[in-house]
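Trainee: Just so it is clear, I am handing over run29.cif, which has mmCIF, C-alpha atoms.
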```
data_start
loop_
_atom_site.label_atom_id
_atom_site.label_comp_id
_atom_site.auth_asym_id
_atom_site.auth_seq_id
_atom_site.Cartn_x
_atom_site.Cartn_y
_atom_site.Cartn_z
CA MET A 1 0.00 0.00 0.00
CA PRO A 2 2.09 2.95 -1.24
CA ILE A 3 1.75 6.29 0.49
CA TRP A 4 0.88 8.10 -2.75
CA ALA A 5 -2.07 5.77 -3.29
CA GLU A 6 -3.46 6.77 0.10
CA VAL A 7 -2.73 10.44 -0.63
CA ARG A 8 -4.82 10.22 -3.80
CA ARG A 9 -7.60 8.32 -2.04
CA GLN A 10 -7.84 10.92 0.71
CA ALA A 11 -7.58 13.82 -1.75
CA SER A 12 -10.63 12.53 -3.61
CA ARG A 13 -12.76 12.55 -0.47
CA ARG A 14 -15.22 15.38 0.01
CA ARG A 15 -14.24 16.03 3.63
CA THR A 16 -10.62 16.62 2.60
CA GLN A 17 -11.62 19.06 -0.10
CA LEU A 18 -14.04 20.92 2.18
CA ALA A 19 -11.60 21.12 5.08
CA LEU A 20 -8.73 22.46 2.98
CA GLY A 21 -11.09 24.75 1.10
CA PHE A 22 -12.34 26.27 4.34
CA MET A 23 -8.77 26.76 5.55
CA ALA A 24 -8.17 28.86 2.44
CA LEU A 25 -11.52 30.65 2.72
CA LEU A 26 -11.29 31.67 6.38
CA PRO A 27 -8.71 34.47 5.88
CA LEU A 28 -10.90 35.91 3.13
CA ILE A 29 -13.91 35.85 5.47
CA VAL A 30 -11.91 37.62 8.17
CA LEU A 31 -10.68 40.19 5.64
CA VAL A 32 -14.23 40.92 4.47
CA ALA A 33 -15.35 41.21 8.09
CA PHE A 34 -12.68 43.83 8.76
CA GLU A 35 -13.53 45.71 5.56
CA PHE A 36 -17.28 45.92 6.14
CA GLY A 37 -17.54 45.44 9.89
CA GLY A 38 -17.00 49.11 10.68
CA GLU A 39 -15.30 50.59 13.69
CA SER A 40 -16.19 49.63 17.24
CA ASP A 41 -15.24 51.03 20.62
CA ASP A 42 -15.85 47.71 22.36
CA ASP A 43 -12.98 45.88 24.01
CA ASN A 44 -11.72 43.20 21.64
CA GLY A 45 -11.41 40.50 24.28
CA GLY A 46 -8.90 42.24 26.56
CA GLY A 47 -6.02 40.54 28.29
CA GLN A 48 -3.02 39.11 26.46
CA PHE A 49 -4.88 38.70 23.16
CA SER A 50 -6.28 42.21 22.75
CA SER A 51 -3.17 43.44 20.94
CA LEU A 52 -3.62 40.79 18.24
CA VAL A 53 -7.14 42.04 17.52
CA ASP A 54 -6.17 45.72 17.60
CA LEU A 55 -3.18 45.25 15.31
CA ALA A 56 -4.72 42.75 12.88
CA THR A 57 -5.08 45.36 10.12
CA SER A 58 -1.64 46.92 10.58
CA GLY A 59 0.16 44.55 8.21
CA GLY A 60 0.19 41.16 6.58
CA LEU A 61 2.16 39.54 9.40
CA ASN A 62 -0.27 40.75 12.04
CA PHE A 63 -3.24 39.69 9.93
CA ALA A 64 -1.81 36.17 9.57
CA LEU A 65 -1.10 36.08 13.30
CA PHE A 66 -4.68 37.10 14.05
CA CYS A 67 -6.08 34.35 11.79
CA LEU A 68 -3.96 31.80 13.62
CA PHE A 69 -5.13 33.16 16.96
CA VAL A 70 -8.83 32.85 16.16
CA SER A 71 -8.32 29.35 14.74
CA ALA A 72 -5.88 27.72 17.14
CA SER A 73 -8.18 26.97 20.06
CA PHE A 74 -10.97 25.24 18.12
CA LEU A 75 -10.94 25.26 14.31
CA LEU A 76 -7.47 23.77 13.90
CA VAL A 77 -8.32 21.20 16.58
CA VAL A 78 -11.40 20.15 14.62
CA VAL A 79 -9.50 19.93 11.32
CA VAL A 80 -6.70 17.78 12.79
CA ALA A 81 -9.22 15.59 14.59
CA LEU A 82 -11.14 15.21 11.32
CA PHE A 83 -8.13 14.05 9.30
CA CYS A 84 -6.73 11.74 11.99
CA GLY A 85 -9.98 10.51 13.54
CA ASP A 86 -11.76 9.70 10.30
CA THR A 87 -8.99 7.84 8.52
CA VAL A 88 -9.45 4.33 10.03
CA ALA A 89 -12.96 4.55 11.47
CA SER A 90 -14.45 5.56 8.13
CA GLU A 91 -12.92 2.50 6.43
CA ALA A 92 -14.42 0.31 9.15
CA SER A 93 -17.85 1.95 8.85
CA TRP A 94 -17.83 1.43 5.06
CA GLY A 95 -16.84 -2.22 5.47
CA SER A 96 -13.71 -1.76 3.35
CA LEU A 97 -11.10 -2.15 6.08
CA ARG A 98 -11.09 -5.95 5.98
CA TYR A 99 -10.66 -5.87 2.19
CA LEU A 100 -7.60 -3.64 2.52
CA LEU A 101 -6.07 -6.16 4.92
CA ALA A 102 -6.91 -9.01 2.55
CA ILE A 103 -4.62 -7.63 -0.20
CA PRO A 104 -2.69 -8.56 2.01
CA VAL A 105 -1.21 -5.49 3.68
CA PRO A 106 0.61 -5.83 7.00
CA ARG A 107 -1.51 -4.15 9.64
CA ALA A 108 1.33 -2.03 10.96
CA ARG A 109 2.10 -0.73 7.46
CA LEU A 110 -1.55 0.02 6.75
CA LEU A 111 -1.86 1.98 9.98
CA GLY A 112 1.47 3.71 9.44
CA VAL A 113 0.54 4.87 5.95
CA LYS A 114 -2.81 6.19 7.15
CA LEU A 115 -1.16 8.04 10.03
CA VAL A 116 1.50 9.65 7.83
CA VAL A 117 -1.05 10.80 5.26
CA ALA A 118 -3.42 12.12 7.95
CA LEU A 119 -0.59 14.11 9.53
CA ALA A 120 0.46 15.42 6.12
CA TYR A 121 -3.03 16.71 5.35
CA SER A 122 -3.28 18.23 8.84
CA LEU A 123 -0.02 20.10 8.25
CA LEU A 124 -1.23 21.14 4.80
CA GLY A 125 -4.37 22.61 6.36
CA LEU A 126 -2.31 24.63 8.85
CA LEU A 127 0.05 25.90 6.15
CA THR A 128 -2.85 26.74 3.84
CA LEU A 129 -4.49 28.88 6.51
CA ALA A 130 -1.28 30.74 7.36
CA GLY A 131 -0.14 31.10 3.75
CA VAL A 132 -3.41 32.50 2.44
CA ALA A 133 -3.73 34.80 5.46
CA LEU A 134 -0.21 36.15 4.95
CA LEU A 135 -0.78 36.63 1.22
CA VAL A 136 -4.13 38.45 1.39
CA GLY A 137 -3.08 40.38 4.48
CA THR A 138 0.08 41.63 2.80
CA LEU A 139 -1.76 42.54 -0.40
CA ARG A 140 -4.37 44.51 1.56
CA TYR A 141 -2.42 45.96 4.50
CA GLY A 142 1.17 45.92 3.28
CA TRP A 143 4.43 44.42 4.50
CA HIS A 144 5.01 46.02 7.90
CA PRO A 145 6.70 45.06 11.17
CA LEU A 146 5.05 42.54 13.44
CA GLY A 147 3.50 44.65 16.19
CA SER A 148 2.43 43.90 19.74
CA THR A 149 1.52 45.92 22.82
CA ILE A 150 3.59 43.54 24.97
CA ALA A 151 6.85 44.16 23.07
CA ALA A 152 8.56 46.51 20.67
CA GLU A 153 7.81 46.22 16.97
CA ILE A 154 9.57 43.30 15.33
CA PRO A 155 11.13 43.93 11.87
CA PRO A 156 9.35 42.12 9.01
CA GLY A 157 12.16 39.64 8.36
CA GLU A 158 12.44 38.61 11.99
CA GLY A 159 8.66 38.75 12.31
CA LEU A 160 8.32 36.21 9.50
CA LEU A 161 10.74 33.89 11.30
CA ARG A 162 8.74 34.22 14.50
CA LEU A 163 5.53 33.50 12.61
CA LEU A 164 7.14 30.33 11.24
CA GLY A 165 8.15 29.45 14.79
CA ILE A 166 4.54 29.86 15.92
CA LEU A 167 3.40 27.61 13.08
CA GLY A 168 5.94 24.99 14.07
CA TYR A 169 4.88 25.08 17.70
CA LEU A 170 1.18 24.82 16.81
CA ALA A 171 1.98 21.84 14.60
CA VAL A 172 3.73 20.11 17.50
CA ILE A 173 0.97 20.90 20.03
CA LEU A 174 -1.70 19.60 17.64
CA LEU A 175 0.09 16.24 17.64
CA ILE A 176 -1.80 15.60 20.87
CA VAL A 177 -5.11 15.96 19.05
CA ALA A 178 -3.77 13.85 16.19
CA GLY A 179 -2.70 11.08 18.54
CA LEU A 180 -5.93 11.04 20.51
CA ALA A 181 -8.15 11.14 17.42
CA PHE A 182 -6.12 8.39 15.74
CA LEU A 183 -6.41 6.18 18.83
CA LEU A 184 -10.17 6.68 18.97
CA SER A 185 -10.38 5.97 15.23
CA VAL A 186 -8.84 2.55 15.88
CA LEU A 187 -11.10 1.85 18.85
CA THR A 188 -14.41 2.64 17.14
CA ASP A 189 -16.15 2.10 13.81
CA ALA A 190 -17.90 5.48 14.09
CA ALA A 191 -15.82 8.25 12.50
CA LEU A 192 -17.98 10.94 14.08
CA GLY A 193 -17.36 9.43 17.50
CA ALA A 194 -13.59 9.48 16.99
CA VAL A 195 -13.53 13.06 15.73
CA GLY A 196 -16.04 14.36 18.25
CA GLY A 197 -14.43 12.48 21.13
CA ALA A 198 -11.03 14.01 20.46
CA VAL A 199 -12.48 17.53 20.20
CA LEU A 200 -14.57 17.13 23.37
CA LEU A 201 -11.62 15.81 25.38
CA TRP A 202 -9.50 18.75 24.20
CA ILE A 203 -12.23 21.17 25.28
CA LEU A 204 -12.54 19.39 28.64
CA SER A 205 -8.80 19.72 29.17
CA SER A 206 -9.03 23.44 28.35
CA ILE A 207 -11.80 23.91 30.91
CA LEU A 208 -9.93 22.03 33.62
CA ASP A 209 -6.82 24.08 32.89
CA GLN A 210 -8.73 27.21 33.96
CA ILE A 211 -9.39 25.79 37.45
CA GLU A 212 -6.52 27.06 39.56
CA ALA A 213 -7.57 24.88 42.49
CA LEU A 214 -6.15 21.89 40.61
CA GLY A 215 -2.69 23.26 41.28
CA VAL A 216 0.21 21.28 39.83
CA VAL A 217 -2.20 18.87 38.11
CA ARG A 218 -2.79 21.55 35.48
CA ASP A 219 0.83 21.23 34.34
CA PHE A 220 0.09 17.72 33.06
CA LEU A 221 -3.04 18.63 31.09
CA PRO A 222 -2.61 18.40 27.30
CA THR A 223 -3.78 21.98 26.78
CA HIS A 224 -1.75 23.63 29.53
CA TYR A 225 0.95 24.90 27.17
CA SER A 226 -1.24 25.40 24.11
CA ASP A 227 -0.83 29.20 24.26
CA ALA A 228 2.89 29.19 25.00
CA TRP A 229 3.57 30.49 21.47
CA LEU A 230 2.75 33.96 22.79
CA GLY A 231 6.27 33.94 24.21
CA LEU A 232 7.56 34.47 20.66
CA LEU A 233 5.82 37.85 20.57
CA SER A 234 7.77 39.23 23.52
CA THR A 235 11.19 40.88 23.51
CA PRO A 236 13.29 38.95 24.34
CA THR A 237 11.46 35.78 23.39
CA GLN A 238 10.22 33.51 26.17
CA THR A 239 10.59 29.90 25.10
CA ASP A 240 10.71 27.94 28.38
CA ASP A 241 7.01 27.04 28.28
CA MET A 242 7.27 26.24 24.56
CA VAL A 243 9.99 23.67 25.27
CA ARG A 244 7.90 22.10 28.02
CA GLY A 245 4.84 22.11 25.79
CA ALA A 246 6.69 20.50 22.88
CA ILE A 247 8.08 17.74 25.11
CA ALA A 248 4.64 17.09 26.59
CA ALA A 249 3.00 17.03 23.14
CA VAL A 250 5.49 14.52 21.73
CA ALA A 251 5.11 12.34 24.83
CA TYR A 252 1.29 12.34 24.67
CA ALA A 253 1.26 11.69 20.92
CA THR A 254 3.75 8.83 21.24
CA ILE A 255 1.65 7.18 23.94
CA PHE A 256 -1.58 7.52 21.95
CA TRP A 257 -0.01 6.24 18.71
CA SER A 258 1.64 3.33 20.51
CA LEU A 259 -1.70 2.30 21.99
CA ALA A 260 -3.34 2.61 18.58
CA PHE A 261 -0.78 0.33 16.91
CA TRP A 262 -0.90 -2.14 19.80
CA ARG A 263 -4.69 -2.35 19.63
CA PHE A 264 -4.98 -2.46 15.84
CA THR A 265 -2.45 -5.26 15.39
CA ARG A 266 -4.36 -7.41 17.88
CA LYS A 267 -8.03 -6.69 17.23
CA ASP A 268 -10.36 -8.76 15.08
CA ILE A 269 -11.29 -6.82 11.94
CA THR A 270 -14.90 -7.66 11.14
CA SER A 271 -15.88 -4.54 9.20
#
```
In C-alpha cells, how does this file's structure come out?

Mentor:
Amino acid sequence: MPIWAEVRRQASRRRTQLALGFMALLPLIVLVAFEFGGESDDDNGGGQFSSLVDLATSGGLNFALFCLFVSASFLLVVVVALFCGDTVASEASWGSLRYLLAIPVPRARLLGVKLVVALAYSLLGLLTLAGVALLVGTLRYGWHPLGSTIAAEIPPGEGLLRLLGILGYLAVILLIVAGLAFLLSVLTDAALGAVGGAVLLWILSSILDQIEALGVVRDFLPTHYSDAWLGLLSTPTQTDDMVRGAIAAVAYATIFWSLAFWRFTRKDITS
C-alpha cells in the first residue's frame, strides 16, 4: 500500500476538499469582516490577546497572526481531529477495512501509511491557513513590522521567522489531538465518535486548565501549554514554556499512537 495511493484516495474525499477549502476561505472571510464590519469602541477581548485584535489590520504579518489566533483553540483542533480521527474509522464503517487487509497489507504498514497521510493533510491545512492569510493580508495591508503591545515592533524579516516558529509550535501541540483522534479511530467504527471524542476531550482539558484549584495537576493537562507560542511575541522571546509544551506534546502523541498500533495489530477486523 504505497503512500501516494493513500494520498490520492484521501484527496478525492469530500471532507478533505471541504476542510482544505475552508482553511483557504477563512482568511478571506476575516478580511471581508474587517472591511465591512465598521469601527467599534468595544474591548476586543482584553487581556493578552487584545493586541492581536487591535493590530490585525496593521500589516500582513499581524493579519496572519490574528487568523492563527482565532483558529488555534478550536478550528485547527477540529481539522486535525477530522483528518486523523476519520482515517481508520471511516474505512471500518464502510466495510472496506477488511478488504484492505486481505490484499494482504501488514496491519502495521496500513496503519502507518494512514497516520503519515493524515498528519500530512493536517499540516497542509495549517500551512494553507497561514499562507493564504499572509498573502491576502500583505496585499491589503502591506508588509510592515510585526507589532504587539507587549513588546517593541519586530522587523518584518524577523517577524516572518517568529511566525514560522509559531506555526511549528502549533503543529507540535496539535500532535496531541492527532494522537488522541487516531487512537479513537482505531477503537471505534464510528468516524464521528472518533472526531467528536477528540475535540470534546480537548475542550474538557481546556476547561480544567482554567481551574486554579487543581494546582500542579494543570501542568500535566494536554492543553496547559497550548498558548505558550505567545512567548515568541515578547522581547526577548520567552521559550521555556514552549519547550515544556513540545516535550509534553510529543510524549502524549507517542503514547496515543503506541496504543493505537498495539490495539490495531491485535483486534479482530470484522468490518

Trainee: Would you kindly return, as an MDAnalysis selection string, each protein, DNA or RNA residue with an atom no farther than 9 Å from any atom of Val177 (chain A), considering all atoms listed in the file and excluding same-chain residues fewer than 2 positions away?

Mentor: chainID A and resid 77:78 80:81 84 173:175 179:182 198:199 202 222 253

Trainee: What does the PyMOL selection byres ((chain A and resi 158) around 12) select in this file, as an NGL selection string?

Mentor: :A and (61 or 144-147 or 153-157 or 159-165 or 232-233 or 235 or 237)

Trainee: Please, which residues are within 12 Å of (-3.5, 33.7, 15.0) by the file's coordinates, counting only C-alpha atoms, and could they come as a count of residues only?

Mentor: 41

Trainee: Starting from the shown file, work through the PyMOL selection byres ((chain A and resi 207-212) around 12) and note down what comes out as a PyMOL selection string.

Mentor: chain A and resi 73+200-206+213-227

Trainee: Extract, using all atoms listed in the file, all DNA, RNA and protein residues at most 7 Å from region 115-121 of chain A, discarding same-chain residues fewer than 3 positions from it, and format them as a list of chain:residue names.

Mentor: A:Glu6, A:Val7, A:Phe83, A:Cys84, A:Leu111, A:Gly112, A:Leu124, A:Gly125

Trainee: Starting from 4 Å padding per side, set up an axis-aligned box that covers all listed atoms of region 139-147 of chain A and hand over centre and edge lengths in Å, one decimal, as JSON.

Mentor:
```
{"center_x": 1.2, "center_y": 44.3, "center_z": 7.9, "size_x": 19.1, "size_y": 11.5, "size_z": 24.6}
```

Trainee: Restricting the calculation to only C-alpha atoms, which member of A:Leu184, A:Val132, A:Ala228, A:Met242 is positioned closest to Trp257 (chain A)?

Mentor: A:Leu184
